[in-house]
2 protein chains.
Amino acid sequence: MEMKKKSVSIKDVAKVCNVSVSTVSRVLHKYPNVPPETEKLVMSAVKKLNYIPNTAAQSLIKGSLKNIGVVFTRSAEDALVNPFFADVLRGIGSVTQNKGYYLQLLFYKNAKEEKKETIRLLRSGRLDGVILLVSRVYDDLIYSLIEEHAKFVLSGRVMETMGYKKELYTVNTDNVGDSYKVIQHLIQLGHEKIVFINGPREFVVNEDRYAGYRKAFIENGIDYDPHLEIQTSHSPQSVRESVIAMLKKRKDVTAIFAKDDLKAIAAIQAIKSMGLRVPEDIAVIGFNDYDIASMVEPKLTTVRVPIYEMGKRTADMLINQIEQKESQEKTAIFPTELILRESCGHHLYNRS
Amino acid sequence: MEMKKKSVSIKDVAKVCNVSVSTVSRVLHKYPNVPPETEKLVMSAVKKLNYIPNTAAQSLIKGSLKNIGVVFTRSAEDALVNPFFADVLRGIGSVTQNKGYYLQLLFYKNAKEEKKETIRLLRSGRLDGVILLVSRVYDDLIYSLIEEHAKFVLSGRVMETMGYKKELYTVNTDNVGDSYKVIQHLIQLGHEKIVFINGPREFVVNEDRYAGYRKAFIENGIDYDPHLEIQTSHSPQSVRESVIAMLKKRKDVTAIFAKDDLKAIAAIQAIKSMGLRVPEDIAVIGFNDYDIASMVEPKLTTVRVPIYEMGKRTADMLINQIEQKESQEKTAIFPTELILRESCGHHLYNRS
DNA sequence: TTGTACGCGTTATCAG
DNA sequence: CTGATAACGCGTACAA
């Protein structure tokens, strides 16, 4: 009863037209010396049979599946809760689609699996190249990628200490400088005891934002207090708890700088829950300027990062690289902007 | 100078081992009758050469690329701004990955291109099956998919008026009923003039939520006012403008129900900008319970939809279907829950 | 202008 | 236990 669903192949088309497969192929690829009549004949058969070339067979010859992988450096569950990823993906997706590439999402639980699998997919030819959304301070994957001569672009940057000889394709912002400017701004407002809510320092972006924070204290001749850094997971709950613990212990804190709007928002909730006001009692500044930043109350002062545009650029770079257009520059640093909204007042209130 | 990067094939392994390719293949696939020594020999060569089977070649034989497509029914730019998509994707991604499938994101600008391309990808064998994230009231794509005997699962439902004979695989919530309950709740609180902020009625989900809204008025014997429905795009700006216009014209409105938290939040902003209070002057209820719902102020009362779990179920269904495990039921309706927070008070205040 | 035949990298079916 | 060899669907050099 059940018919084997055999899809129509180029042979079927050839058979119907009483021509050889090569003729069909030539028509499909618009070769010169093919008379209009045969073309018509073949094309009508193609239409009628609804023939579509087989991807696997074509790719076997071309040596490319036209797939681009996006490595999330965390599980699917954890990755997409953060608007950052959705937003880069928007940018990436808009250009891959226009250039005829397909987007493949890669989620891995740990660095080891991530490295092994990514390399495997590249070697197997399933992927033409990959985009790395996050880089680690000690990044095995990047090391392997270079070794493999794989095509890839890094959204972020690599630590100098890794000492790669080859210049990598990267798209980034000046995290150190931007973070520095935020603290500078707070210091000018009169703040000195500024808590920094960070993510795991294993990631370069967190390390960089922390570096800018520290640098600002040094250059302003203010003693740095090492107990003012909070490192948490992305769980808002754990951020809230850490903030509450910190504020209870340190009554001298007047400002909080979070490496990410999500953490800043969690901080605001924590502050409010203690009966304190933002920014009157504690000023808060975030990072990235997600859409939510202007939806919460008070509206979040934050650093605008052009995530979407960066995603586009990342994909552009990768595709150019894949297609051997090596003319482009390898590093793109995007400018950011401190967006002054409401969560950080214009002067230091006295916390009584 | 430039070496042609030829990847290592099964032949290379065979050559190194002085065996035939079939022997290598047998070892790799753990065939029985292969002596331990040859196995060792081959495996060590595989390791040394770092041999990985070519995806295209394997797929050509297997007839499957193990790719699952996710159709967004809108451009990449528009799709991922909405937390709904990120969240289903989380669910989908977590199961596809575990079951050895790869996730391919499909963004199309319009329905026509979407249909043509999706069908093409399916026929070409690039995709084993697709997940539809949104269904239209008149959905050409679904029609074609059925005609093609394609494997697919719909996140949502199909209109009865389409009269498909075959039962489709769908994952959904009871949008009509849930919407009904929201209005019922508002009516019990004393509200009668309730604005409904809807998205384009071309999508089934919007049509359904609207239907529940209307039904509640009918069953409560309250006159329905057709001027109380607002239809807007997903732009928060346009939502705000429509809400302001509506509230200026209709001073009798006491509540707003939005088909989506994002719209509800935009509504709250609009209300506040007019100097009115939520919920004292206008009560607001949203839909979906995105993470932001509990971050805004006042915290949003909304309908909790288990988007992530639904994503998992959707992917499960599709993979089972692809792998011919037809034993499962075809329709999954997930329960929801009205989450009472702050944006809708417990009784009707008097709007003076 | 067209057809034949080979190759892409694998897997599977045969003999041996 | 192992090695030819055909087949998967397509592109293309070569011959006709």
# chains A, B, ... in the order shown; residues from 1 in each chain; ligands from 1
>>> calpha_fit_and_write(fixed="chain A", moving="chain B", output="CSV table (one decimal) with C-alpha atoms, in the first residue's frame")
chain,number,residue,atom,x,y,z
B,1,MET,CA,0.2,0.0,0.3
B,2,GLU,CA,2.8,2.5,1.3
B,3,MET,CA,4.6,3.9,-1.7
B,4,LYS,CA,8.3,4.5,-1.3
B,5,LYS,CA,8.5,8.3,-1.6
B,6,LYS,CA,11.3,8.5,-4.2
B,7,SER,CA,12.0,12.1,-5.1
B,8,VAL,CA,12.3,12.9,-8.7
B,9,SER,CA,15.9,13.1,-10.0
B,10,ILE,CA,17.5,14.6,-13.0
B,11,LYS,CA,17.3,11.2,-14.7
B,12,ASP,CA,13.5,11.3,-14.6
B,13,VAL,CA,13.5,14.7,-16.3
B,14,ALA,CA,15.9,13.4,-18.9
B,15,LYS,CA,13.8,10.4,-19.6
B,16,VAL,CA,10.6,12.4,-20.0
B,17,CYS,CA,12.4,14.7,-22.5
B,18,ASN,CA,14.2,11.9,-24.3
B,19,VAL,CA,17.5,13.7,-23.8
B,20,SER,CA,20.5,12.9,-21.7
B,21,VAL,CA,21.0,14.0,-18.1
B,22,SER,CA,23.9,16.3,-19.3
B,23,THR,CA,21.5,18.2,-21.5
B,24,VAL,CA,19.1,18.7,-18.6
B,25,SER,CA,22.0,19.8,-16.4
B,26,ARG,CA,23.1,22.3,-19.1
B,27,VAL,CA,19.7,23.8,-19.4
B,28,LEU,CA,19.5,24.2,-15.6
B,29,HIS,CA,22.8,25.9,-15.5
B,30,LYS,CA,22.1,28.2,-18.4
B,31,TYR,CA,25.0,26.9,-20.6
B,32,PRO,CA,25.4,28.7,-23.9
B,33,ASN,CA,25.1,26.3,-26.7
B,34,VAL,CA,21.6,25.0,-26.0
B,35,PRO,CA,18.8,25.7,-28.5
B,36,PRO,CA,15.7,27.4,-27.3
B,37,GLU,CA,13.5,24.4,-28.2
B,38,THR,CA,15.4,21.9,-26.0
B,39,GLU,CA,15.4,24.5,-23.3
B,40,LYS,CA,11.7,24.9,-23.5
B,41,LEU,CA,11.2,21.2,-23.5
B,42,VAL,CA,13.4,20.6,-20.6
B,43,MET,CA,12.1,23.4,-18.5
B,44,SER,CA,8.5,22.4,-19.0
B,45,ALA,CA,9.4,18.9,-17.8
B,46,VAL,CA,11.2,20.3,-14.8
B,47,LYS,CA,8.1,22.3,-14.0
B,48,LYS,CA,5.8,19.4,-14.5
B,49,LEU,CA,7.8,16.9,-12.5
B,50,ASN,CA,8.5,19.6,-10.0
B,51,TYR,CA,12.2,18.7,-10.1
B,52,ILE,CA,14.6,20.2,-7.6
B,53,PRO,CA,18.2,19.2,-7.6
B,54,ASN,CA,19.3,17.2,-4.6
B,55,THR,CA,21.3,19.2,-2.1
B,56,ALA,CA,23.5,16.3,-0.9
B,57,ALA,CA,24.5,15.4,-4.5
B,58,GLN,CA,25.3,18.9,-5.5
B,59,SER,CA,27.2,19.6,-2.3
B,60,LEU,CA,29.2,16.4,-2.8
B,61,ILE,CA,30.6,17.9,-6.0
B,62,LYS,CA,30.8,21.5,-4.9
B,63,GLY,CA,32.4,20.6,-1.7
B,64,SER,CA,30.1,22.9,0.2
B,65,LEU,CA,26.8,22.7,1.9
B,66,LYS,CA,26.6,26.5,2.2
B,67,ASN,CA,26.0,26.2,5.9
B,68,ILE,CA,27.2,28.6,8.5
B,69,GLY,CA,27.3,27.5,12.1
B,70,VAL,CA,26.7,29.8,15.1
B,71,VAL,CA,28.4,28.6,18.2
B,72,PHE,CA,26.6,29.7,21.4
B,73,THR,CA,29.1,28.5,24.0
B,74,ARG,CA,26.2,27.5,26.2
B,75,SER,CA,23.2,25.3,26.1
B,76,ALA,CA,20.1,26.3,24.1
B,77,GLU,CA,18.3,26.8,27.4
B,78,ASP,CA,20.8,29.3,28.7
B,79,ALA,CA,21.7,31.0,25.5
B,80,LEU,CA,18.6,32.5,24.2
B,81,VAL,CA,17.3,33.9,27.5
B,82,ASN,CA,19.7,36.7,26.8
B,83,PRO,CA,18.6,39.3,24.3
B,84,PHE,CA,22.1,39.7,23.1
B,85,PHE,CA,22.0,36.4,21.3
B,86,ALA,CA,18.7,37.0,19.8
B,87,ASP,CA,19.9,40.3,18.5
B,88,VAL,CA,23.2,39.2,17.0
B,89,LEU,CA,21.2,36.4,15.4
B,90,ARG,CA,18.9,38.9,13.8
B,91,GLY,CA,21.9,40.6,12.3
B,92,ILE,CA,23.6,37.4,11.2
B,93,GLY,CA,20.4,35.9,9.8
B,94,SER,CA,19.6,39.0,7.7
B,95,VAL,CA,22.8,38.7,5.8
B,96,THR,CA,23.3,35.0,5.5
B,97,GLN,CA,19.9,34.7,4.0
B,98,ASN,CA,20.6,37.4,1.4
B,99,LYS,CA,23.8,35.7,0.4
B,100,GLY,CA,22.4,32.2,0.0
B,101,TYR,CA,23.8,30.7,3.1
B,102,TYR,CA,21.9,28.7,5.7
B,103,LEU,CA,22.1,29.3,9.4
B,104,GLN,CA,22.8,26.4,11.7
B,105,LEU,CA,22.6,26.9,15.5
B,106,LEU,CA,25.1,25.1,17.6
B,107,PHE,CA,24.5,24.7,21.4
B,108,TYR,CA,26.9,22.8,23.6
B,109,LYS,CA,26.9,22.2,27.3
B,110,ASN,CA,30.6,22.4,27.9
B,111,ALA,CA,33.8,23.7,26.2
B,112,LYS,CA,35.1,20.2,25.5
B,113,GLU,CA,32.1,19.0,23.6
B,114,GLU,CA,31.8,22.4,21.9
B,115,LYS,CA,35.3,22.1,20.5
B,116,LYS,CA,35.1,18.5,19.5
B,117,GLU,CA,31.7,18.9,17.8
B,118,THR,CA,32.5,22.2,16.0
B,119,ILE,CA,35.7,20.8,14.6
B,120,ARG,CA,33.9,17.6,13.5
B,121,LEU,CA,31.2,19.5,11.7
B,122,LEU,CA,33.7,21.6,9.9
B,123,ARG,CA,35.8,18.7,8.8
B,124,SER,CA,32.8,16.7,7.8
B,125,GLY,CA,31.9,19.5,5.4
B,126,ARG,CA,28.6,20.2,7.0
B,127,LEU,CA,29.7,23.7,7.9
B,128,ASP,CA,31.6,26.1,5.6
B,129,GLY,CA,32.5,28.3,8.5
B,130,VAL,CA,31.5,29.3,12.0
B,131,ILE,CA,30.7,32.3,14.0
B,132,LEU,CA,31.8,32.4,17.6
B,133,LEU,CA,29.6,34.4,19.8
B,134,VAL,CA,31.7,34.4,22.9
B,135,SER,CA,35.4,33.9,23.5
B,136,ARG,CA,37.1,32.5,26.5
B,137,VAL,CA,40.2,33.8,28.2
B,138,TYR,CA,41.8,30.4,27.4
B,139,ASP,CA,40.0,29.3,24.3
B,140,ASP,CA,40.8,25.9,23.1
B,141,LEU,CA,38.2,26.1,20.3
B,142,ILE,CA,39.8,29.1,18.7
B,143,TYR,CA,43.2,27.4,19.0
B,144,SER,CA,41.9,24.4,17.1
B,145,LEU,CA,40.1,26.4,14.6
B,146,ILE,CA,43.3,28.2,13.7
B,147,GLU,CA,45.1,24.9,13.5
B,148,GLU,CA,42.5,23.5,11.2
B,149,HIS,CA,42.7,26.6,8.9
B,150,ALA,CA,39.0,26.9,9.5
B,151,LYS,CA,37.0,29.9,8.4
B,152,PHE,CA,35.6,31.7,11.4
B,153,VAL,CA,34.8,35.1,12.8
B,154,LEU,CA,34.9,35.9,16.4
B,155,SER,CA,32.3,38.2,18.0
B,156,GLY,CA,34.6,39.5,20.7
B,157,ARG,CA,38.4,39.3,20.9
B,158,VAL,CA,41.1,37.0,21.9
B,159,MET,CA,43.5,37.6,24.8
B,160,GLU,CA,47.0,38.9,23.9
B,161,THR,CA,48.4,36.3,26.2
B,162,MET,CA,47.3,33.6,23.8
B,163,GLY,CA,49.8,35.0,21.4
B,164,TYR,CA,48.3,33.9,18.1
B,165,LYS,CA,50.6,34.8,15.3
B,166,LYS,CA,47.8,35.0,12.7
B,167,GLU,CA,45.5,38.0,12.9
B,168,LEU,CA,42.0,36.8,13.5
B,169,TYR,CA,38.7,38.0,12.1
B,170,THR,CA,36.9,39.7,14.9
B,171,VAL,CA,34.0,42.1,15.5
B,172,ASN,CA,33.9,43.8,18.9
B,173,THR,CA,33.5,46.9,20.9
B,174,ASP,CA,36.1,48.5,23.1
B,175,ASN,CA,34.9,46.9,26.3
B,176,VAL,CA,37.8,48.1,28.4
B,177,GLY,CA,37.3,51.7,27.2
B,178,ASP,CA,33.6,51.7,27.4
B,179,SER,CA,33.6,50.3,30.9
B,180,TYR,CA,36.2,52.9,31.8
B,181,LYS,CA,34.0,55.7,30.6
B,182,VAL,CA,31.0,54.5,32.7
B,183,ILE,CA,33.0,54.5,35.8
B,184,GLN,CA,34.5,57.8,34.9
B,185,HIS,CA,31.0,59.2,34.6
B,186,LEU,CA,30.1,57.8,38.0
B,187,ILE,CA,33.2,59.2,39.6
B,188,GLN,CA,32.4,62.7,38.1
B,189,LEU,CA,29.0,62.4,39.7
B,190,GLY,CA,30.7,61.9,43.0
B,191,HIS,CA,30.5,58.2,43.4
B,192,GLU,CA,33.5,56.3,44.7
B,193,LYS,CA,32.2,53.1,46.2
B,194,ILE,CA,30.9,51.4,43.1
B,195,VAL,CA,29.9,47.8,43.0
B,196,PHE,CA,30.6,45.9,39.7
B,197,ILE,CA,28.3,43.0,38.9
B,198,ASN,CA,30.2,40.7,36.6
B,199,GLY,CA,29.7,37.4,34.9
B,200,PRO,CA,32.2,34.6,34.9
B,201,ARG,CA,35.7,35.9,34.4
B,202,GLU,CA,36.4,33.0,32.1
B,203,PHE,CA,34.9,35.0,29.3
B,204,VAL,CA,37.0,37.7,27.7
B,205,VAL,CA,34.2,40.2,27.6
B,206,ASN,CA,33.7,40.1,31.3
B,207,GLU,CA,37.4,40.3,31.9
B,208,ASP,CA,37.6,43.3,29.7
B,209,ARG,CA,34.7,45.2,31.3
B,210,TYR,CA,36.2,44.5,34.7
B,211,ALA,CA,39.6,45.8,33.5
B,212,GLY,CA,38.0,49.1,32.4
B,213,TYR,CA,36.4,49.4,35.8
B,214,ARG,CA,39.6,48.9,37.6
B,215,LYS,CA,41.6,51.1,35.3
B,216,ALA,CA,39.2,54.0,36.0
B,217,PHE,CA,39.9,53.9,39.7
B,218,ILE,CA,43.6,53.8,39.2
B,219,GLU,CA,43.7,56.7,36.9
B,220,ASN,CA,41.5,58.8,39.2
B,221,GLY,CA,43.7,58.0,42.1
B,222,ILE,CA,40.9,56.3,44.0
B,223,ASP,CA,41.7,53.3,46.1
B,224,TYR,CA,40.2,50.2,44.6
B,225,ASP,CA,38.2,48.0,46.9
B,226,PRO,CA,38.5,44.4,45.7
B,227,HIS,CA,35.4,43.4,47.7
B,228,LEU,CA,33.2,45.4,45.4
B,229,GLU,CA,33.1,43.0,42.5
B,230,ILE,CA,30.2,40.5,42.4
B,231,GLN,CA,30.5,37.5,40.1
B,232,THR,CA,27.2,35.7,39.4
B,233,SER,CA,25.6,33.4,36.9
B,234,HIS,CA,22.9,34.8,34.6
B,235,SER,CA,20.2,33.8,37.0
B,236,PRO,CA,18.4,37.0,38.1
B,237,GLN,CA,17.6,35.4,41.4
B,238,SER,CA,21.3,34.9,42.2
B,239,VAL,CA,22.0,38.5,41.2
B,240,ARG,CA,19.4,39.8,43.5
B,241,GLU,CA,20.6,37.8,46.4
B,242,SER,CA,24.2,38.9,45.9
B,243,VAL,CA,23.2,42.5,45.6
B,244,ILE,CA,21.1,42.4,48.8
B,245,ALA,CA,24.0,40.7,50.6
B,246,MET,CA,26.4,43.3,49.4
B,247,LEU,CA,24.3,46.3,50.3
B,248,LYS,CA,23.6,45.0,53.7
B,249,LYS,CA,27.3,44.6,54.4
B,250,ARG,CA,28.5,47.7,52.7
B,251,LYS,CA,26.4,50.8,53.7
B,252,ASP,CA,28.9,53.0,51.9
B,253,VAL,CA,28.0,51.8,48.4
B,254,THR,CA,26.3,54.5,46.3
B,255,ALA,CA,26.4,53.0,42.8
B,256,ILE,CA,26.2,49.8,40.9
B,257,PHE,CA,27.6,49.1,37.5
B,258,ALA,CA,26.4,45.8,35.9
B,259,LYS,CA,28.1,44.2,32.9
B,260,ASP,CA,24.8,43.6,31.3
B,261,ASP,CA,21.3,45.2,31.4
B,262,LEU,CA,19.7,42.0,32.7
B,263,LYS,CA,21.9,42.1,35.8
B,264,ALA,CA,21.3,45.8,36.2
B,265,ILE,CA,17.6,45.2,36.2
B,266,ALA,CA,17.9,42.5,38.7
B,267,ALA,CA,20.0,44.8,40.8
B,268,ILE,CA,17.3,47.5,40.7
B,269,GLN,CA,14.7,45.0,41.8
B,270,ALA,CA,17.0,44.0,44.7
B,271,ILE,CA,17.5,47.6,45.7
B,272,LYS,CA,13.8,48.4,45.6
B,273,SER,CA,13.0,45.3,47.6
B,274,MET,CA,15.2,46.7,50.4
B,275,GLY,CA,13.2,49.9,50.4
B,276,LEU,CA,15.9,51.9,48.8
B,277,ARG,CA,15.4,54.2,45.8
B,278,VAL,CA,17.1,54.3,42.4
B,279,PRO,CA,18.9,56.5,41.7
B,280,GLU,CA,18.5,58.6,44.9
B,281,ASP,CA,20.0,56.0,47.2
B,282,ILE,CA,21.8,53.8,44.7
B,283,ALA,CA,22.6,54.8,41.1
B,284,VAL,CA,22.6,51.9,38.6
B,285,ILE,CA,24.2,51.7,35.1
B,286,GLY,CA,23.9,48.7,32.8
B,287,PHE,CA,25.5,47.6,29.6
B,288,ASN,CA,24.2,46.7,26.1
B,289,ASP,CA,21.0,48.7,25.9
B,290,TYR,CA,18.6,45.8,25.4
B,291,ASP,CA,15.0,46.8,24.5
B,292,ILE,CA,14.0,46.2,28.1
B,293,ALA,CA,16.3,48.9,29.3
B,294,SER,CA,13.8,51.6,28.4
B,295,MET,CA,10.8,49.6,29.6
B,296,VAL,CA,11.8,49.2,33.2
B,297,GLU,CA,11.3,51.8,35.9
B,298,PRO,CA,13.4,53.8,36.4
B,299,LYS,CA,14.5,53.6,32.8
B,300,LEU,CA,18.0,52.2,32.7
B,301,THR,CA,21.1,54.3,32.0
B,302,THR,CA,23.3,52.0,30.0
B,303,VAL,CA,25.8,51.7,27.2
B,304,ARG,CA,24.3,51.3,23.8
B,305,VAL,CA,26.0,48.5,21.9
B,306,PRO,CA,25.0,48.1,18.2
B,307,ILE,CA,24.5,44.4,18.6
B,308,TYR,CA,22.4,43.9,15.5
B,309,GLU,CA,24.8,45.8,13.2
B,310,MET,CA,27.7,43.8,14.7
B,311,GLY,CA,25.9,40.6,13.8
B,312,LYS,CA,25.6,41.8,10.3
B,313,ARG,CA,29.2,42.7,10.1
B,314,THR,CA,30.2,39.3,11.6
B,315,ALA,CA,28.3,37.4,8.9
B,316,ASP,CA,29.6,39.6,6.2
B,317,MET,CA,33.2,39.0,7.2
B,318,LEU,CA,32.6,35.2,7.4
B,319,ILE,CA,31.0,35.0,4.0
B,320,ASN,CA,33.7,37.1,2.4
B,321,GLN,CA,36.3,34.9,4.0
B,322,ILE,CA,34.6,31.7,2.7
B,323,GLU,CA,34.3,33.2,-0.7
B,324,GLN,CA,38.0,34.1,-0.7
B,325,LYS,CA,37.4,37.8,-0.9
B,326,GLU,CA,40.3,38.5,1.4
B,327,SER,CA,40.5,42.3,0.7
B,328,GLN,CA,38.6,43.3,3.8
B,329,GLU,CA,40.1,44.4,7.1
B,330,LYS,CA,40.1,41.8,9.7
B,331,THR,CA,39.0,43.7,12.8
B,332,ALA,CA,36.0,45.8,13.3
B,333,ILE,CA,35.5,47.8,16.5
B,334,PHE,CA,32.1,49.3,16.8
B,335,PRO,CA,31.6,52.6,18.7
B,336,THR,CA,29.2,52.6,21.6
B,337,GLU,CA,27.3,55.4,23.4
B,338,LEU,CA,26.4,56.0,27.0
B,339,ILE,CA,22.7,56.5,27.1
B,340,LEU,CA,21.7,58.6,30.0
B,341,ARG,CA,18.2,57.7,31.3
B,342,GLU,CA,16.9,57.6,34.8
B,343,SER,CA,18.6,55.0,36.8
B,344,CYS,CA,21.7,57.1,37.4
B,345,GLY,CA,21.0,60.6,38.5
B,346,HIS,CA,23.0,63.7,37.5
B,347,HIS,CA,24.7,64.1,40.8
B,348,LEU,CA,25.4,62.1,43.9
B,349,TYR,CA,22.6,62.2,46.4
B,350,ASN,CA,23.4,61.7,50.0
B,351,ARG,CA,22.6,58.2,51.2
B,352,SER,CA,21.4,58.7,54.7
>>> select_by_dssp(residues="stretch 206-309 of chain B", states="strand (DSSP E or B)", output="PyMOL selection string")
chain B and resi 229-231+255-258+283-285+288+301-304
>>> select_by_dssp(residues="stretch 16-262 of chain A", states="helix (DSSP H, G or I)", output="PyMOL selection string")
chain A and resi 16-17+21-28+36-49+55-62+76-79+83-98+111-123+140-147+160-162+175-188+204-219+226-228+236-249+261-262
>>> closest_atom_pairs(of="chain C", to="chain A", cutoff="9 Å", atoms="only C-alpha atoms (C1' of nucleotides)", output="CSV")
residue,atom,partner,partner_atom,distance
C:DT1,C1',A:Asn33,CA,6.7
C:DT2,C1',A:Thr23,CA,7.2
C:DG3,C1',A:Ser20,CA,6.3
C:DG7,C1',A:Ile61,CA,8.7
C:DC8,C1',A:Ile61,CA,5.0
C:DG9,C1',A:Leu60,CA,7.5
>>> write_last_selection(atoms="N, CA and C atoms (P, O5', C5', C4', C3', O3' and C1' of nucleotides)", output="mmCIF file, in the first residue's frame")
data_model
loop_
_atom_site.group_PDB
_atom_site.id
_atom_site.type_symbol
_atom_site.label_atom_id
_atom_site.label_comp_id
_atom_site.auth_asym_id
_atom_site.auth_seq_id
_atom_site.Cartn_x
_atom_site.Cartn_y
_atom_site.Cartn_z
ATOM 1 P P DT C 1 23.911 25.568 -31.351
ATOM 2 O "O5'" DT C 1 23.469 24.266 -30.557
ATOM 3 C "C5'" DT C 1 22.387 23.531 -30.999
ATOM 4 C "C4'" DT C 1 22.724 22.085 -30.830
ATOM 5 C "C3'" DT C 1 22.377 21.496 -29.465
ATOM 6 O "O3'" DT C 1 21.200 20.740 -29.595
ATOM 7 C "C1'" DT C 1 24.477 20.703 -30.324
ATOM 8 P P DT C 2 20.510 20.074 -28.406
ATOM 9 O "O5'" DT C 2 21.397 18.807 -28.109
ATOM 10 C "C5'" DT C 2 21.258 17.648 -28.923
ATOM 11 C "C4'" DT C 2 22.293 16.661 -28.519
ATOM 12 C "C3'" DT C 2 22.093 16.037 -27.145
ATOM 13 O "O3'" DT C 2 21.469 14.783 -27.328
ATOM 14 C "C1'" DT C 2 24.387 16.440 -27.689
ATOM 15 P P DG C 3 20.973 13.994 -26.056
ATOM 16 O "O5'" DG C 3 22.131 12.913 -25.859
ATOM 17 C "C5'" DG C 3 22.495 12.098 -26.956
ATOM 18 C "C4'" DG C 3 23.780 11.374 -26.639
ATOM 19 C "C3'" DG C 3 23.730 10.534 -25.359
ATOM 20 O "O3'" DG C 3 24.324 9.268 -25.629
ATOM 21 C "C1'" DG C 3 25.560 12.057 -25.277
ATOM 22 P P DG C 7 37.541 8.290 -12.890
ATOM 23 O "O5'" DG C 7 37.157 9.409 -11.831
ATOM 24 C "C5'" DG C 7 37.286 10.795 -12.169
ATOM 25 C "C4'" DG C 7 36.508 11.602 -11.161
ATOM 26 C "C3'" DG C 7 36.612 11.040 -9.730
ATOM 27 O "O3'" DG C 7 36.970 12.087 -8.849
ATOM 28 C "C1'" DG C 7 34.327 11.308 -10.347
ATOM 29 P P DC C 8 37.531 11.733 -7.402
ATOM 30 O "O5'" DC C 8 36.508 12.467 -6.452
ATOM 31 C "C5'" DC C 8 36.149 13.827 -6.637
ATOM 32 C "C4'" DC C 8 34.886 14.084 -5.873
ATOM 33 C "C3'" DC C 8 34.767 13.245 -4.607
ATOM 34 O "O3'" DC C 8 35.307 13.972 -3.511
ATOM 35 C "C1'" DC C 8 32.683 13.340 -5.832
ATOM 36 P P DG C 9 36.437 13.299 -2.575
ATOM 37 O "O5'" DG C 9 35.525 12.466 -1.553
ATOM 38 C "C5'" DG C 9 34.626 13.166 -0.726
ATOM 39 C "C4'" DG C 9 33.720 12.192 -0.025
ATOM 40 C "C3'" DG C 9 34.466 11.096 0.744
ATOM 41 O "O3'" DG C 9 33.873 10.999 2.020
ATOM 42 C "C1'" DG C 9 32.899 10.131 -0.742
#
>>> residues_around(residues="C:DA15", least_positions_apart="4", cutoff="12 Å", atoms="only C-alpha atoms (C1' of nucleotides)", output="PyMOL selection string")
chain D and resi 2-5
>>> write_last_selection(atoms="N, CA and C atoms (P, O5', C5', C4', C3', O3' and C1' of nucleotides)", output="mmCIF file, in the first residue's frame")
data_model
loop_
_atom_site.group_PDB
_atom_site.id
_atom_site.type_symbol
_atom_site.label_atom_id
_atom_site.label_comp_id
_atom_site.auth_asym_id
_atom_site.auth_seq_id
_atom_site.Cartn_x
_atom_site.Cartn_y
_atom_site.Cartn_z
ATOM 1 P P DT D 2 39.884 -8.983 8.058
ATOM 2 O "O5'" DT D 2 39.610 -8.848 6.514
ATOM 3 C "C5'" DT D 2 40.419 -9.574 5.589
ATOM 4 C "C4'" DT D 2 39.864 -9.380 4.208
ATOM 5 C "C3'" DT D 2 39.770 -7.927 3.762
ATOM 6 O "O3'" DT D 2 40.705 -7.742 2.722
ATOM 7 C "C1'" DT D 2 37.861 -9.188 3.111
ATOM 8 P P DG D 3 41.201 -6.229 2.403
ATOM 9 O "O5'" DG D 3 40.858 -6.178 0.851
ATOM 10 C "C5'" DG D 3 41.116 -7.331 0.075
ATOM 11 C "C4'" DG D 3 40.220 -7.342 -1.141
ATOM 12 C "C3'" DG D 3 40.102 -5.980 -1.827
ATOM 13 O "O3'" DG D 3 40.237 -6.177 -3.225
ATOM 14 C "C1'" DG D 3 37.943 -6.825 -1.361
ATOM 15 P P DA D 4 40.784 -4.964 -4.102
ATOM 16 O "O5'" DA D 4 40.072 -5.270 -5.465
ATOM 17 C "C5'" DA D 4 38.824 -4.705 -5.638
ATOM 18 C "C4'" DA D 4 37.939 -5.605 -6.452
ATOM 19 C "C3'" DA D 4 37.180 -4.779 -7.475
ATOM 20 O "O3'" DA D 4 36.835 -5.562 -8.584
ATOM 21 C "C1'" DA D 4 35.728 -5.475 -5.715
ATOM 22 P P DT D 5 36.326 -4.830 -9.849
ATOM 23 O "O5'" DT D 5 34.825 -4.404 -9.472
ATOM 24 C "C5'" DT D 5 33.876 -5.414 -9.149
ATOM 25 C "C4'" DT D 5 32.549 -4.761 -8.843
ATOM 26 C "C3'" DT D 5 32.280 -3.472 -9.629
ATOM 27 O "O3'" DT D 5 30.936 -3.490 -10.044
ATOM 28 C "C1'" DT D 5 31.947 -3.084 -7.359
#
>>> closest_atom_pairs(of="chain D", to="chain A", cutoff="9 Å", atoms="only C-alpha atoms (C1' of nucleotides)", output="JSON lines")
{"residue": "D:DC8", "atom": "C1'", "partner": "A:Ala57", "partner_atom": "CA", "distance": 7.9}
{"residue": "D:DG9", "atom": "C1'", "partner": "A:Ala57", "partner_atom": "CA", "distance": 5.1}
{"residue": "D:DC10", "atom": "C1'", "partner": "A:Ala57", "partner_atom": "CA", "distance": 5.6}
{"residue": "D:DG11", "atom": "C1'", "partner": "A:Ile61", "partner_atom": "CA", "distance": 7.2}
{"residue": "D:DT12", "atom": "C1'", "partner": "A:Ser22", "partner_atom": "CA", "distance": 8.4}
